[in-house]
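The block underneath contains the structure these notes are about, expressed in structure tokens.
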Amino acid sequence: MRQRILAALAAFPFAAVAAPTDNLPATSSAAAQLPLEHFTRHDEFGDVKISPDGEYLSMTAGKYGRSAIAFVRRSDRKVVGGARAPEGQEIAECHWVAPARIICMIATRPPGMAAPMRTGEIIALNVDGSEHKQIYGYSMAAANAGTMIRGPEASYATSMLVSTLPRDPRNVLITEQPWRESGATRRTLSYDPDAQPRITLLDTYSGSKKPLGTAPLSSAKVLVDRDEQVRFAVGWNEQGRLAVSWRPEAEAPWREFELAGFERESVAPLRFAADNRSVYFTGVREGQSQVALHRIALDTGQVETLSTGTADVVGIVTDLRDEEVVGYATYVERLSRTWLPGDQPAARFHESLQRAFPGQTVRITSRTDDGRLALLHVSSDINPGEYYLMDTVAMKADFLQASRKWIDPRAMRPKEPFSLRARDGLDLHGYLTRPAGGGPYPMVVLPHGGPHGIRDWWDFDSEVQLLANRGYAVLQLNFRGSGGYGLGFEKAGYREWGGRMQDDLTDATRWAIAQGIARPDRICIFGASYGGYAALMGVAREPDLYRCAIGLAGVYDLELLRSSGDIPGSRFGKAYLDKVLGADAATLRARSPTHLAAAIRAPVMLIHGKVDTRADYAHARAMKGALEQHDKPFEWVALGGEGHGIYDESTRAEVYERMLAFLAKQLGPAAGVQPPSEQ
């Protein structure tokens with residue numbers, strides 16, 4: 001690797017080792033058709049973090065990018081240990097708890113399903129692979145069965161890491177959200193959002209647990225103070241209202257007060273301030289729209305708002321030792337940081353990083369205890385992610401690894417932020433990705449899932465890049481109801497499924513035509529989950545606008561959504577559906593594609609996993625039946641091992657191959673795309 005000096009750094013000198021892509025030739029104006037597997041493979045490496053003393057790096061790797069963990073000695077970059085997840089499990093997230101020991105959260109692939117699901121289980125191991133064992137989870141009983149050794153007991157709860165307790169090299173602090181039991185003839189366990197979580201000290205070597213009490217509120221999120229003592233909780237009180245409980249000292253009784261004046265589901269606690277008697281949190285004040293950064297004085301309950309502007313706060317920025325809050329991040333078109341008042345060396349450091357990696361998003365994933373070394377993750381709309389090791393004193397960054405080394409960012413297509421005004425005057429924003437060559441282009445409208453609180457971002461999206469590489473423009477609109485634009489914008493989508501939310505997509509599509517971006521006779525709409533619903537509603541409501549529709553894991557019958565899948569199975573899920581859909585049967589039927597199939601004229605492709613627990617497989621069968629009843633053309637893809645979406649790489653390749661063939665058949669061949677090289 002060669003070194004390069006990155007110029008124009010007024011605050012700090014900065015040297016970086018170039019990534020391997022620096023020596024690749026520039027791409028031509030007519031894009032080469034890249035292999036399909038470039039866009040269907042998961043990250044090769046991920047979750048790279050540095051140990052507290054800086055001696056080791058941890059990274060997840062292997063099949064699906066999450067089935068093994070490796071440890072690399074920083075001094076010579078040699079692998080010194082690691083472990084592979086058991087069959088049917090994947091490593092989801094890891095945290096250093098001591099200079100040579102780490103814990104990892106485990107996801108399990110249930111029988112018949114490809115995608116892993118987090119179950120709260122935890123494993124722990126040393127960097128040389130020793131002392132590798134499961135320390136928490138419901139399967140502990142099975143692990144100890146048939147042995148004479150009494151091991152840790154099974155925990156029928158979902159664990160949440162509260163603190164790695166940097167001053168305690170053996171234990172971590174977790175909360176346990178109990179599971180509830182149901183079923184008269186067959187025992188069924190499920191997450192209980194109404195329960196009060198237990199606070200537990202967990203031994204990372206033995207798996208033994210020391211109870212530290214129960215959080216005083218339902219579904220409480222707890223914080224430790226600067227002395228690693230649990231002294232704050234926010235959740236729901238017995239009256240079902242948002243409340244704060246806190247303790248002046250570690251052993252003092254809990255004191256409770258309602259957090260009045262805030263939207264009840266918007267509050268997220270962050271950390272204690274330096275005075276150890278106030279707490280940072282984000283939330284939306286009643287009568288306002290934006291998520292803001294606040295600080296609450298626990299003695300008085302007085303709340304101070306620290307952020308300004310009209311953009312939602314999406315996170316905080318801390319100093320190099322991750323101790324003090326120095327700023328906050330917002331996100332409209334791209335990530336932006338704003339600094340709190342005062343002389344902030346950390347602010348100048350972050351600004352230097354941004355100048356060193358222009359046009360990209362730079363995040364610190366971890367750092368050493370002394371703050372000297374930091375792991376950087378650098379990414380953008382065309383870069384799926386690269387990791388750098390940063391010396392914050394020498395101001396030098398060494399390239400470590402690309403998460404997808406087969407992707408050349410210069411062969412990808414940029415996302416262009418755009419805005420328009422909806423027919424009722426609401427301002428809308430989104431992203432447009434153009435293929436190589438001149439327009440107008442055949443276009444795919446790609447509504448996101450969710451839909452409420454979810455949004456499309458300026459980030460690398462392999463699905464978008466695949467479509468652009470095959471010659472299609474891709475339009476992603478953050479329609480009303482999406483997150484990131486204030487609570488008022490999100491609420492504007494409540495009970496507007498198939499109504500104004502759909503109008504927004506129609507308006508954006510017509511905007512792209514008027515701008516000369518899209519060919520009016522070659523537009524398809526494709527989405528997953530809610531996006532699948534919007535795709536089928538699009539061709540039902542606008543039969544002359546779209547040439548085809550693709551629904552992946554979609555919900556197509558809103559009455560069915562209120563009675564099937566995992567959402568209506570809890571009190572919170574039912575309340576959510578009442579809020580965003582309503583319960584009027586006539587309205588739900590009028591906005592369900594299954595009841596509008598007669599109006600559909602465009603060919604349809606339906607793709608659905610048979611073990612989908614979110615959008616029940618019955619949705620796809622009902623839509624298929626409605627299309628058959630009205631003799632409408634459609635293609636059918638049923639996936640035996642998939643749930644809500646597509647996870648398995650081979651299945652992804654098969655599905656995308658069929659989707660591309662369907663698009664080519666309906667929209668015609670895309671111009672300006674060269675066939676793949678035979679080299």
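Residue numbers start at 1 in each chain; chains themselves are named A, B, ... in the order of the structure tokens; ligands are numbered from 1 in the order shown.
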
Requested in this report: Would you mind listing what lies within 12 Å of Pro248 in chain A as a VMD selection string, with only C-alpha atoms counted and same-chain residues fewer than 5 positions away left out?
Outcome: chain A and resid 225 229 to 232 253 to 256 276 to 278 297 to 300

**Report entry** range 139-281 of chain A: residues DSSP assigns to strand (DSSP E), reported as JSON, numbers by chain
**Finding:** {"A": [157, 158, 159, 160, 161, 162, 163, 171, 172, 173, 174, 175, 176, 177, 178, 179, 180, 181, 182, 188, 189, 190, 191, 198, 199, 200, 201, 202, 203, 209, 210, 211, 212, 213, 214, 218, 219, 220, 221, 222, 223, 224, 230, 231, 232, 233, 234, 235, 236, 242, 243, 244, 245, 246, 255, 256, 257, 258, 268, 269, 270, 271, 272, 278, 279, 280, 281]}

Requested in this report: Tell me, as a PyMOL selection string, which residues lie within 9 Å of range 610-625 of chain A, counting only C-alpha atoms; anything in the same chain fewer than 3 positions away does not count.
Outcome: chain A and resi 112-113+529+551+553-557+560-561+564-567+593-595+597+606-607+628-630+634+636+638-645

Keeping only C-alpha atoms, write those residues as a PDB file, in the first residue's frame.
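Result saved to part.pdb:
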ATOM      1  CA  GLY A 112     -37.145 -23.634   7.665  1.00  0.00           C
ATOM      2  CA  MET A 113     -36.019 -19.997   7.646  1.00  0.00           C
ATOM      3  CA  SER A 529     -43.275  -5.076   2.672  1.00  0.00           C
ATOM      4  CA  GLY A 551     -44.492  -6.968  -4.846  1.00  0.00           C
ATOM      5  CA  ALA A 553     -43.277  -9.766   0.940  1.00  0.00           C
ATOM      6  CA  GLY A 554     -46.120  -7.314   0.570  1.00  0.00           C
ATOM      7  CA  VAL A 555     -49.324  -6.800   2.538  1.00  0.00           C
ATOM      8  CA  TYR A 556     -52.272  -6.711   0.153  1.00  0.00           C
ATOM      9  CA  ASP A 557     -55.353  -6.981   2.384  1.00  0.00           C
ATOM     10  CA  LEU A 560     -56.065  -9.360   7.005  1.00  0.00           C
ATOM     11  CA  LEU A 561     -53.165  -7.274   8.327  1.00  0.00           C
ATOM     12  CA  SER A 564     -52.636 -12.088  10.907  1.00  0.00           C
ATOM     13  CA  GLY A 565     -48.871 -11.904  11.284  1.00  0.00           C
ATOM     14  CA  ASP A 566     -47.036 -10.832  14.422  1.00  0.00           C
ATOM     15  CA  ILE A 567     -48.163  -7.187  14.626  1.00  0.00           C
ATOM     16  CA  PRO A 593     -55.155  -4.340  -3.653  1.00  0.00           C
ATOM     17  CA  THR A 594     -56.965  -7.659  -3.203  1.00  0.00           C
ATOM     18  CA  HIS A 595     -60.257  -5.783  -3.626  1.00  0.00           C
ATOM     19  CA  ALA A 597     -57.604  -6.393  -8.806  1.00  0.00           C
ATOM     20  CA  LEU A 606     -45.606 -11.564  -6.647  1.00  0.00           C
ATOM     21  CA  ILE A 607     -42.685 -12.814  -4.504  1.00  0.00           C
ATOM     22  CA  GLU A 628     -56.707 -15.159 -11.098  1.00  0.00           C
ATOM     23  CA  GLN A 629     -60.357 -14.338 -10.475  1.00  0.00           C
ATOM     24  CA  HIS A 630     -60.118 -11.334 -12.799  1.00  0.00           C
ATOM     25  CA  PHE A 634     -48.965 -12.246 -13.190  1.00  0.00           C
ATOM     26  CA  TRP A 636     -45.665 -16.128  -9.006  1.00  0.00           C
ATOM     27  CA  ALA A 638     -43.059 -18.665  -3.599  1.00  0.00           C
ATOM     28  CA  LEU A 639     -39.955 -19.013  -1.407  1.00  0.00           C
ATOM     29  CA  GLY A 640     -39.951 -22.016   0.890  1.00  0.00           C
ATOM     30  CA  GLY A 641     -37.184 -21.016   3.317  1.00  0.00           C
ATOM     31  CA  GLU A 642     -37.591 -17.260   3.486  1.00  0.00           C
ATOM     32  CA  GLY A 643     -39.467 -15.045   5.906  1.00  0.00           C
ATOM     33  CA  HIS A 644     -40.064 -11.308   5.603  1.00  0.00           C
ATOM     34  CA  GLY A 645     -37.660 -10.531   2.773  1.00  0.00           C
TER      35      GLY A 645
END

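All residues of protein, DNA or RNA that reach within 8 Å of range 508-512 of chain A, judged by only C-alpha atoms and not counting those fewer than 2 positions away in the chain, are Leu420, Ala422, Val445, Leu475, Leu477, Asp504, Leu505, Thr506, Ala514, Gln515, Gly516, Ile517 and Ala518 of chain A.
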
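The shortest atom-to-atom distance to Leu376 in chain A, with only C-alpha atoms taken into account, belongs to A:Ala402 out of A:Ile525, A:Ala402, A:Ala436, A:Ala394.
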
Selection near Gly450 in chain A, 10 Å with only C-alpha atoms, sequence-local residues under 6 positions removed, as a PDB file with C-alpha atoms, in the first residue's frame:
ATOM      1  CA  GLY A 481     -45.400   8.975   6.837  1.00  0.00           C
ATOM      2  CA  SER A 482     -41.651   8.456   6.429  1.00  0.00           C
ATOM      3  CA  GLY A 483     -39.269   9.201   9.278  1.00  0.00           C
ATOM      4  CA  ALA A 528     -40.991  -4.876  -0.376  1.00  0.00           C
ATOM      5  CA  SER A 529     -43.275  -5.076   2.672  1.00  0.00           C
ATOM      6  CA  TYR A 530     -45.220  -1.785   2.657  1.00  0.00           C
ATOM      7  CA  GLY A 531     -43.391  -1.084  -0.604  1.00  0.00           C
TER       8      GLY A 531
END

Query - Test item, alpha helix (DSSP H) assignment across range 28-82 of chain A, answer as a PyMOL selection string - result: chain A and resi 37-40

Pull N, CA and C atoms from the residues just selected and write them as a PDB file, in the first residue's frame.
ATOM      1  N   GLU A  37     -23.822 -11.520  -8.856  1.00  0.00           N
ATOM      2  CA  GLU A  37     -23.412 -11.821  -7.486  1.00  0.00           C
ATOM      3  C   GLU A  37     -22.757 -10.632  -6.795  1.00  0.00           C
ATOM      4  N   HIS A  38     -22.292  -9.648  -7.551  1.00  0.00           N
ATOM      5  CA  HIS A  38     -21.761  -8.434  -6.933  1.00  0.00           C
ATOM      6  C   HIS A  38     -22.815  -7.756  -6.059  1.00  0.00           C
ATOM      7  N   PHE A  39     -24.066  -7.931  -6.406  1.00  0.00           N
ATOM      8  CA  PHE A  39     -25.149  -7.227  -5.727  1.00  0.00           C
ATOM      9  C   PHE A  39     -25.967  -8.128  -4.807  1.00  0.00           C
ATOM     10  N   THR A  40     -25.706  -9.420  -4.816  1.00  0.00           N
ATOM     11  CA  THR A  40     -26.470 -10.342  -3.976  1.00  0.00           C
ATOM     12  C   THR A  40     -25.661 -10.863  -2.795  1.00  0.00           C
TER      13      THR A  40
END

Query raised in the report: Excluding same-chain residues fewer than 2 positions from Glu490 in chain A, what lies within 7 Å of it counting only C-alpha atoms, as an MDAnalysis selection string?
Result: chainID A and resid 452:453 480:483 486:488 492:493

Generate the output file for the selected residues, N, CA and C atoms, as an mmCIF file, in the first residue's frame.
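Saved to again-v1.cif:
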data_model
loop_
_atom_site.group_PDB
_atom_site.id
_atom_site.type_symbol
_atom_site.label_atom_id
_atom_site.label_comp_id
_atom_site.auth_asym_id
_atom_site.auth_seq_id
_atom_site.Cartn_x
_atom_site.Cartn_y
_atom_site.Cartn_z
ATOM 1 N N HIS A 452 -43.957 3.750 8.518
ATOM 2 C CA HIS A 452 -43.895 4.941 9.375
ATOM 3 C C HIS A 452 -42.597 4.961 10.184
ATOM 4 N N GLY A 453 -41.917 6.101 10.134
ATOM 5 C CA GLY A 453 -40.649 6.245 10.833
ATOM 6 C C GLY A 453 -39.474 5.702 10.055
ATOM 7 N N ARG A 480 -44.985 11.004 2.569
ATOM 8 C CA ARG A 480 -45.513 11.341 3.904
ATOM 9 C C ARG A 480 -45.708 10.055 4.702
ATOM 10 N N GLY A 481 -45.415 10.166 5.996
ATOM 11 C CA GLY A 481 -45.400 8.975 6.837
ATOM 12 C C GLY A 481 -43.994 8.486 7.105
ATOM 13 N N SER A 482 -43.038 8.866 6.243
ATOM 14 C CA SER A 482 -41.651 8.456 6.429
ATOM 15 C C SER A 482 -41.050 9.153 7.640
ATOM 16 N N GLY A 483 -39.975 8.599 8.164
ATOM 17 C CA GLY A 483 -39.269 9.201 9.278
ATOM 18 C C GLY A 483 -38.228 10.196 8.809
ATOM 19 N N GLY A 486 -39.565 15.025 10.735
ATOM 20 C CA GLY A 486 -40.407 15.561 11.787
ATOM 21 C C GLY A 486 -41.622 14.685 12.037
ATOM 22 N N LEU A 487 -42.102 14.739 13.272
ATOM 23 C CA LEU A 487 -43.246 13.916 13.644
ATOM 24 C C LEU A 487 -44.509 14.320 12.890
ATOM 25 N N GLY A 488 -44.621 15.615 12.557
ATOM 26 C CA GLY A 488 -45.783 16.054 11.798
ATOM 27 C C GLY A 488 -45.841 15.416 10.428
ATOM 28 N N ALA A 492 -48.643 12.747 9.111
ATOM 29 C CA ALA A 492 -49.418 13.063 7.911
ATOM 30 C C ALA A 492 -49.746 11.812 7.102
ATOM 31 N N GLY A 493 -49.018 10.724 7.381
ATOM 32 C CA GLY A 493 -49.297 9.472 6.685
ATOM 33 C C GLY A 493 -50.244 8.548 7.418
#

Report summary line: As a check of understanding: the span from CA of Ala107 in chain A to CA of Gly207 in chain A is 18.2 Å

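You will find CA of Trp246 in chain A at 12.1 Å from CA of Leu259 in chain A.
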
Query raised in the report: Near Ser67 in chain A, counting only C-alpha atoms, which residues have an atom at most 10 Å away, once you skip same-chain residues fewer than 5 positions from it, shown as a VMD selection string?
Result: chain A and resid 60 to 62 83 to 92 106 to 107

Write the residues of the selection above to a file with C-alpha atoms, as a PDB file, in the first residue's frame.
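After the write, selection.pdb holds the following:
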ATOM      1  CA  THR A  60     -17.058 -10.689  11.889  1.00  0.00           C
ATOM      2  CA  ALA A  61     -16.555 -12.609   8.680  1.00  0.00           C
ATOM      3  CA  GLY A  62     -17.567 -15.662   6.704  1.00  0.00           C
ATOM      4  CA  ALA A  83     -14.519 -18.808  16.600  1.00  0.00           C
ATOM      5  CA  ARG A  84     -17.284 -19.929  14.285  1.00  0.00           C
ATOM      6  CA  ALA A  85     -20.903 -19.666  15.272  1.00  0.00           C
ATOM      7  CA  PRO A  86     -22.709 -22.978  15.821  1.00  0.00           C
ATOM      8  CA  GLU A  87     -24.762 -24.436  13.007  1.00  0.00           C
ATOM      9  CA  GLY A  88     -27.944 -22.454  12.524  1.00  0.00           C
ATOM     10  CA  GLN A  89     -26.611 -19.401  14.353  1.00  0.00           C
ATOM     11  CA  GLU A  90     -24.893 -16.202  13.310  1.00  0.00           C
ATOM     12  CA  ILE A  91     -22.872 -13.594  15.143  1.00  0.00           C
ATOM     13  CA  ALA A  92     -24.867 -10.386  15.065  1.00  0.00           C
ATOM     14  CA  ILE A 106     -26.292 -14.274  18.620  1.00  0.00           C
ATOM     15  CA  ALA A 107     -29.000 -14.557  15.994  1.00  0.00           C
TER      16      ALA A 107
END

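Comparing the minimum interatomic distances between Pro116 in chain A and each of A:Ser182, A:Asp648, A:Tyr576, A:Lys49, counting only C-alpha atoms, we find that A:Asp648 sits nearest.
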